[in-house]
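Undergrad: Dropping a structure here in structure tokens format, bear with me for questions.
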Amino acid sequence: MKKTFITHSLEETQKFAKDWLASLPFESDEATIVGLYGNLGSGKTTFTQSVAKELGIHSSVTSPTFVIEKLYETNHSHFARLIHIDAYRLESGRELQTLNFEDLVDNPNNLIIIEWPENIKEILPENHLKILCEFVDENSRKFEVQ
Ligand SMILES: Nc1ncnc2c1ncn2[C@@H]1O[C@H](COP(=O)(O)OP(=O)(O)OP(=O)(O)O)[C@@H](O)[C@H]1O
Ligand SMILES: [Mg+2]
């Protein structure tokens, strides 16, 4: 089932992230993995920062483009860790395997959010959650949750 949300400000994106987080089922015995699909500037990092805020992460969540993967401890009751991956510069998932990606996937208390997931599709579980992000106009972004 697809659901589409259009936000017209950063505050609305924050609210969308809050509602999305609250809607997640915690029933998996593996990490919750979310692929954020969409072009440059479509709001992927902004959405991730909004989720981080909801998880009680106070350190600033910057784009991990140059380090590929960043891990934050949260004070959320289920998701103990947020892992933010930016695969923009990766050509395959092989590089992530050297970063213990599989160990991260094994832990149900991990929330893994991935920008440019299409670049590492061969290591992503097929049933990962997908959000399509789209630029609408200067202050508006569309998020399609699949
Ligand atoms: N409603 C909105 N929701 C989210 N971001 C918005 C909104 N309106 C404007 N913006 C702006 O859009 C930009 C989105 O940039 P962001 O870094 O999140 O994109 P991205 O998809 O991560 O791009 P990249 O592929 O380069 O990593 C930010 O500068 C943000 O302030
Ligand atoms: Mg980004």
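To be explicit about the labels: the chains of the structure tokens are called A, B, and onward in the order shown, and within each one the residues are counted from 1, while ligands get numbers from 1 in the order they are shown.
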Counting only C-alpha atoms and all ligand atoms, name the residues that have an atom within 9 Å of an atom of ligand 1; the answer should be given as a PyMOL selection string.

TA: chain A and resi 6-14+36-49+62-65+86+88+115-116+133-142

Undergrad: Would you mind exporting the chosen residues as a tab-separated table (two decimals), in the first residue's frame, restricted to N, CA and C atoms?

TA:
```tsv
chain	number	residue	atom	x	y	z
A	6	ILE	N	2.74	15.32	1.29
A	6	ILE	CA	3.45	16.50	0.80
A	6	ILE	C	3.66	17.44	1.98
A	7	THR	N	4.91	17.81	2.20
A	7	THR	CA	5.20	18.74	3.30
A	7	THR	C	5.58	20.09	2.69
A	8	HIS	N	5.18	21.16	3.37
A	8	HIS	CA	5.42	22.50	2.81
A	8	HIS	C	6.43	23.29	3.62
A	9	SER	N	7.08	22.62	4.59
A	9	SER	CA	8.07	23.31	5.43
A	9	SER	C	8.87	22.25	6.17
A	10	LEU	N	9.97	22.68	6.79
A	10	LEU	CA	10.77	21.75	7.59
A	10	LEU	C	9.96	21.23	8.77
A	11	GLU	N	9.10	22.07	9.32
A	11	GLU	CA	8.26	21.65	10.45
A	11	GLU	C	7.32	20.53	10.03
A	12	GLU	N	6.77	20.66	8.83
A	12	GLU	CA	5.87	19.60	8.36
A	12	GLU	C	6.63	18.31	8.07
A	13	THR	N	7.86	18.44	7.61
A	13	THR	CA	8.68	17.24	7.39
A	13	THR	C	9.01	16.59	8.73
A	14	GLN	N	9.25	17.41	9.75
A	14	GLN	CA	9.49	16.89	11.10
A	14	GLN	C	8.27	16.09	11.59
A	36	LEU	N	15.84	5.47	1.23
A	36	LEU	CA	15.29	6.75	0.79
A	36	LEU	C	15.70	6.97	-0.66
A	37	TYR	N	14.74	6.86	-1.56
A	37	TYR	CA	14.99	7.00	-2.98
A	37	TYR	C	14.67	8.43	-3.39
A	38	GLY	N	15.43	8.99	-4.29
A	38	GLY	CA	15.11	10.34	-4.77
A	38	GLY	C	16.36	11.13	-5.08
A	39	ASN	N	16.15	12.17	-5.90
A	39	ASN	CA	17.24	12.98	-6.42
A	39	ASN	C	17.96	13.81	-5.38
A	40	LEU	N	19.02	14.44	-5.80
A	40	LEU	CA	19.74	15.43	-5.00
A	40	LEU	C	18.74	16.49	-4.51
A	41	GLY	N	18.80	16.82	-3.24
A	41	GLY	CA	17.97	17.90	-2.72
A	41	GLY	C	16.52	17.54	-2.50
A	42	SER	N	16.17	16.25	-2.60
A	42	SER	CA	14.76	15.88	-2.46
A	42	SER	C	14.34	15.71	-1.00
A	43	GLY	N	15.29	15.85	-0.07
A	43	GLY	CA	14.92	15.85	1.36
A	43	GLY	C	15.32	14.61	2.13
A	44	LYS	N	16.18	13.78	1.57
A	44	LYS	CA	16.55	12.53	2.23
A	44	LYS	C	17.30	12.77	3.55
A	45	THR	N	18.30	13.65	3.48
A	45	THR	CA	19.05	13.93	4.71
A	45	THR	C	18.17	14.68	5.71
A	46	THR	N	17.36	15.59	5.22
A	46	THR	CA	16.47	16.35	6.10
A	46	THR	C	15.50	15.42	6.81
A	47	PHE	N	14.96	14.46	6.08
A	47	PHE	CA	14.06	13.48	6.70
A	47	PHE	C	14.82	12.68	7.77
A	48	THR	N	16.03	12.25	7.46
A	48	THR	CA	16.82	11.46	8.42
A	48	THR	C	17.09	12.29	9.68
A	49	GLN	N	17.42	13.57	9.48
A	49	GLN	CA	17.66	14.45	10.64
A	49	GLN	C	16.39	14.58	11.48
A	62	THR	N	24.80	15.08	10.37
A	62	THR	CA	25.21	15.69	9.12
A	62	THR	C	25.22	14.61	8.06
A	63	SER	N	25.29	15.03	6.82
A	63	SER	CA	25.29	14.04	5.76
A	63	SER	C	26.56	13.21	5.83
A	64	PRO	N	26.40	11.89	5.82
A	64	PRO	CA	27.61	11.06	5.95
A	64	PRO	C	28.31	10.81	4.62
A	65	THR	N	28.10	11.66	3.63
A	65	THR	CA	28.63	11.41	2.29
A	65	THR	C	30.10	10.97	2.29
A	86	ASP	N	24.96	6.90	3.59
A	86	ASP	CA	24.80	7.61	2.33
A	86	ASP	C	25.62	6.88	1.27
A	88	TYR	N	25.78	7.38	-1.88
A	88	TYR	CA	25.95	8.16	-3.11
A	88	TYR	C	27.25	7.82	-3.83
A	115	GLU	N	20.47	6.53	2.19
A	115	GLU	CA	20.29	7.39	1.02
A	115	GLU	C	20.97	6.73	-0.17
A	116	TRP	N	20.43	6.90	-1.35
A	116	TRP	CA	20.94	6.28	-2.58
A	116	TRP	C	21.03	4.76	-2.44
A	133	CYS	N	11.37	10.12	-2.33
A	133	CYS	CA	11.42	11.54	-1.98
A	133	CYS	C	11.50	12.35	-3.27
A	134	GLU	N	10.75	13.45	-3.28
A	134	GLU	CA	10.69	14.23	-4.52
A	134	GLU	C	10.62	15.72	-4.23
A	135	PHE	N	11.37	16.49	-5.00
A	135	PHE	CA	11.31	17.95	-4.95
A	135	PHE	C	10.00	18.39	-5.60
A	136	VAL	N	9.22	19.23	-4.92
A	136	VAL	CA	7.99	19.76	-5.52
A	136	VAL	C	8.22	21.22	-5.91
A	137	ASP	N	8.55	22.05	-4.91
A	137	ASP	CA	9.01	23.41	-5.19
A	137	ASP	C	9.91	23.81	-4.03
A	138	GLU	N	10.37	25.03	-4.02
A	138	GLU	CA	11.41	25.43	-3.07
A	138	GLU	C	11.17	24.93	-1.65
A	139	ASN	N	9.95	25.05	-1.16
A	139	ASN	CA	9.68	24.68	0.23
A	139	ASN	C	8.87	23.40	0.40
A	140	SER	N	8.60	22.73	-0.67
A	140	SER	CA	7.73	21.55	-0.59
A	140	SER	C	8.43	20.30	-1.11
A	141	ARG	N	8.19	19.21	-0.39
A	141	ARG	CA	8.75	17.92	-0.79
A	141	ARG	C	7.65	16.88	-0.69
A	142	LYS	N	7.72	15.90	-1.61
A	142	LYS	CA	6.74	14.82	-1.60
A	142	LYS	C	7.43	13.56	-1.09
```

Undergrad: Using only C-alpha atoms, which residues sit within 9 Å of A:Arg81 once same-chain residues fewer than 6 positions away are excluded, as a list in words?

TA: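 With the cut-off at 9 Å, the set is Leu55, Leu71, Tyr72, Glu73, Thr74, Asn75, Asn109, Asn110, Leu111 and Ile112 of chain A.
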
Undergrad: Just list the residues in stretch 67-126 of chain A DSSP gives strand (DSSP E) on the backbone, as an mmCIF file with N, CA and C atoms, in the first residue's frame.

TA:
```
data_model
loop_
_atom_site.group_PDB
_atom_site.id
_atom_site.type_symbol
_atom_site.label_atom_id
_atom_site.label_comp_id
_atom_site.auth_asym_id
_atom_site.auth_seq_id
_atom_site.Cartn_x
_atom_site.Cartn_y
_atom_site.Cartn_z
ATOM 1 N N GLU A 69 28.964 6.007 6.507
ATOM 2 C CA GLU A 69 28.073 5.442 7.518
ATOM 3 C C GLU A 69 28.305 6.127 8.871
ATOM 4 N N LYS A 70 27.211 6.509 9.522
ATOM 5 C CA LYS A 70 27.326 7.094 10.860
ATOM 6 C C LYS A 70 26.360 6.400 11.796
ATOM 7 N N LEU A 71 26.792 6.203 13.024
ATOM 8 C CA LEU A 71 25.990 5.476 14.000
ATOM 9 C C LEU A 71 25.726 6.391 15.201
ATOM 10 N N TYR A 72 24.463 6.473 15.601
ATOM 11 C CA TYR A 72 24.075 7.324 16.738
ATOM 12 C C TYR A 72 23.351 6.484 17.773
ATOM 13 N N GLU A 73 23.677 6.674 19.035
ATOM 14 C CA GLU A 73 22.911 6.050 20.119
ATOM 15 C C GLU A 73 21.692 6.921 20.367
ATOM 16 N N ARG A 81 19.746 2.304 18.292
ATOM 17 C CA ARG A 81 20.735 2.917 17.415
ATOM 18 C C ARG A 81 20.118 3.340 16.098
ATOM 19 N N LEU A 82 20.535 4.502 15.624
ATOM 20 C CA LEU A 82 20.218 4.931 14.256
ATOM 21 C C LEU A 82 21.505 4.838 13.451
ATOM 22 N N ILE A 83 21.430 4.147 12.326
ATOM 23 C CA ILE A 83 22.584 4.087 11.425
ATOM 24 C C ILE A 83 22.186 4.805 10.149
ATOM 25 N N HIS A 84 22.924 5.829 9.811
ATOM 26 C CA HIS A 84 22.628 6.642 8.630
ATOM 27 C C HIS A 84 23.715 6.357 7.587
ATOM 28 N N ILE A 85 23.274 5.832 6.451
ATOM 29 C CA ILE A 85 24.221 5.468 5.392
ATOM 30 C C ILE A 85 23.926 6.315 4.163
ATOM 31 N N ASP A 86 24.960 6.902 3.587
ATOM 32 C CA ASP A 86 24.802 7.614 2.327
ATOM 33 C C ASP A 86 25.625 6.879 1.274
ATOM 34 N N ASN A 110 18.241 -1.923 15.702
ATOM 35 C CA ASN A 110 18.847 -0.932 14.810
ATOM 36 C C ASN A 110 17.834 -0.419 13.799
ATOM 37 N N LEU A 111 17.831 0.894 13.616
ATOM 38 C CA LEU A 111 17.092 1.515 12.519
ATOM 39 C C LEU A 111 18.145 2.001 11.524
ATOM 40 N N ILE A 112 18.098 1.449 10.319
ATOM 41 C CA ILE A 112 19.113 1.768 9.306
ATOM 42 C C ILE A 112 18.456 2.562 8.190
ATOM 43 N N ILE A 113 18.874 3.805 8.020
ATOM 44 C CA ILE A 113 18.303 4.657 6.971
ATOM 45 C C ILE A 113 19.373 4.875 5.902
ATOM 46 N N ILE A 114 19.009 4.599 4.651
ATOM 47 C CA ILE A 114 19.998 4.594 3.567
ATOM 48 C C ILE A 114 19.605 5.557 2.457
ATOM 49 N N GLU A 115 20.468 6.529 2.191
ATOM 50 C CA GLU A 115 20.290 7.395 1.024
ATOM 51 C C GLU A 115 20.973 6.734 -0.170
#
```

Undergrad: Enumerate as a JSON list (two decimals) with N, CA and C atoms, in the first residue's frame all residues of stretch 20-142 of chain A assigned to alpha helix (DSSP H) by DSSP on the backbone, naming them with the chain letters and numbers the document uses.

TA:
```json
[["chain", "number", "residue", "atom", "x", "y", "z"],
["A", 20, "TRP", "N", 5.68, 8.85, 10.86],
["A", 20, "TRP", "CA", 6.22, 7.66, 10.19],
["A", 20, "TRP", "C", 6.88, 6.74, 11.21],
["A", 21, "LEU", "N", 7.68, 7.33, 12.10],
["A", 21, "LEU", "CA", 8.38, 6.53, 13.12],
["A", 21, "LEU", "C", 7.36, 5.80, 14.00],
["A", 22, "ALA", "N", 6.31, 6.51, 14.36],
["A", 22, "ALA", "CA", 5.28, 5.91, 15.24],
["A", 22, "ALA", "C", 4.52, 4.79, 14.54],
["A", 23, "SER", "N", 4.54, 4.80, 13.20],
["A", 23, "SER", "CA", 3.77, 3.80, 12.46],
["A", 23, "SER", "C", 4.55, 2.50, 12.23],
["A", 44, "LYS", "N", 16.18, 13.78, 1.57],
["A", 44, "LYS", "CA", 16.55, 12.53, 2.23],
["A", 44, "LYS", "C", 17.30, 12.77, 3.55],
["A", 45, "THR", "N", 18.30, 13.65, 3.48],
["A", 45, "THR", "CA", 19.05, 13.93, 4.71],
["A", 45, "THR", "C", 18.17, 14.68, 5.71],
["A", 46, "THR", "N", 17.36, 15.59, 5.22],
["A", 46, "THR", "CA", 16.47, 16.35, 6.10],
["A", 46, "THR", "C", 15.50, 15.42, 6.81],
["A", 47, "PHE", "N", 14.96, 14.46, 6.08],
["A", 47, "PHE", "CA", 14.06, 13.48, 6.70],
["A", 47, "PHE", "C", 14.82, 12.68, 7.77],
["A", 48, "THR", "N", 16.03, 12.25, 7.46],
["A", 48, "THR", "CA", 16.82, 11.46, 8.42],
["A", 48, "THR", "C", 17.09, 12.29, 9.68],
["A", 49, "GLN", "N", 17.42, 13.57, 9.48],
["A", 49, "GLN", "CA", 17.66, 14.45, 10.64],
["A", 49, "GLN", "C", 16.39, 14.58, 11.48],
["A", 50, "SER", "N", 15.25, 14.60, 10.82],
["A", 50, "SER", "CA", 13.98, 14.71, 11.53],
["A", 50, "SER", "C", 13.72, 13.46, 12.35],
["A", 51, "VAL", "N", 14.01, 12.29, 11.77],
["A", 51, "VAL", "CA", 13.85, 11.04, 12.50],
["A", 51, "VAL", "C", 14.80, 11.04, 13.70],
["A", 52, "ALA", "N", 16.03, 11.48, 13.48],
["A", 52, "ALA", "CA", 17.03, 11.50, 14.56],
["A", 52, "ALA", "C", 16.52, 12.33, 15.73],
["A", 53, "LYS", "N", 15.93, 13.46, 15.41],
["A", 53, "LYS", "CA", 15.40, 14.34, 16.45],
["A", 53, "LYS", "C", 14.32, 13.62, 17.26],
["A", 54, "GLU", "N", 13.44, 12.91, 16.54],
["A", 54, "GLU", "CA", 12.38, 12.16, 17.22],
["A", 54, "GLU", "C", 12.92, 11.05, 18.10],
["A", 94, "ARG", "N", 29.66, -3.93, -1.75],
["A", 94, "ARG", "CA", 30.85, -4.59, -1.22],
["A", 94, "ARG", "C", 31.57, -3.74, -0.18],
["A", 95, "GLU", "N", 31.62, -2.44, -0.47],
["A", 95, "GLU", "CA", 32.32, -1.55, 0.45],
["A", 95, "GLU", "C", 31.66, -1.50, 1.83],
["A", 96, "LEU", "N", 30.32, -1.71, 1.83],
["A", 96, "LEU", "CA", 29.61, -1.70, 3.12],
["A", 96, "LEU", "C", 29.85, -2.98, 3.89],
["A", 97, "GLN", "N", 30.05, -4.06, 3.17],
["A", 97, "GLN", "CA", 30.30, -5.33, 3.86],
["A", 97, "GLN", "C", 31.56, -5.22, 4.70],
["A", 101, "PHE", "N", 28.19, -4.40, 7.74],
["A", 101, "PHE", "CA", 26.78, -4.15, 7.48],
["A", 101, "PHE", "C", 25.90, -5.30, 7.97],
["A", 102, "GLU", "N", 26.37, -6.52, 7.75],
["A", 102, "GLU", "CA", 25.54, -7.67, 8.15],
["A", 102, "GLU", "C", 25.30, -7.75, 9.66],
["A", 103, "ASP", "N", 26.30, -7.37, 10.43],
["A", 103, "ASP", "CA", 26.12, -7.35, 11.90],
["A", 103, "ASP", "C", 25.06, -6.32, 12.29],
["A", 104, "LEU", "N", 25.06, -5.19, 11.58],
["A", 104, "LEU", "CA", 24.07, -4.15, 11.87],
["A", 104, "LEU", "C", 22.66, -4.65, 11.52],
["A", 105, "VAL", "N", 22.56, -5.40, 10.43],
["A", 105, "VAL", "CA", 21.25, -5.92, 10.00],
["A", 105, "VAL", "C", 20.73, -6.97, 10.99]]
```

Undergrad: If I take atom CA of A:Glu144 and atom CA of A:Glu126, how far is one from the other in Å, to one decimal?

TA: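 Computing it gives 17.8 Å between the two atoms.
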
Undergrad: Could you name the residues that touch A:Val145 at 6 Å or less, counting only C-alpha atoms, but leaving out those on the same chain fewer than 4 positions away, as a ChimeraX atom specification?

TA: /A:2-3,131

Undergrad: Could you list, as a PyMOL selection string, every residue within 10 Å of A:Asn119, counting only C-alpha atoms and ignoring same-chain residues fewer than 6 positions away?

TA: chain A and resi 86-93

Undergrad: May I have the residues within 6 Å of A:Phe143 as a list of chain:residue names, using only C-alpha atoms and disregarding those fewer than 3 positions away in the same chain?

TA: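 Surrounding residues, per the criterion: A:Thr4, A:Phe5, A:Leu132, A:Cys133.
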
Undergrad: Can I get the selected residues back with C-alpha atoms, as an mmCIF file, in the first residue's frame?

TA:
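Okay, result-v5.cif is ready:
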```cif
data_model
loop_
_atom_site.group_PDB
_atom_site.id
_atom_site.type_symbol
_atom_site.label_atom_id
_atom_site.label_comp_id
_atom_site.auth_asym_id
_atom_site.auth_seq_id
_atom_site.Cartn_x
_atom_site.Cartn_y
_atom_site.Cartn_z
ATOM 1 C CA THR A 4 1.797 10.019 -0.219
ATOM 2 C CA PHE A 5 2.613 13.012 1.962
ATOM 3 C CA LEU A 132 10.394 7.925 -2.497
ATOM 4 C CA CYS A 133 11.421 11.537 -1.980
#
```

Undergrad: With distances taken over only C-alpha atoms and all ligand atoms, which residue among A:Pro117, A:Ile57, A:Asp106, A:Glu27 lies nearest ligand 2?

TA: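 Closest residue, counting only C-alpha atoms and all ligand atoms: A:Pro117.
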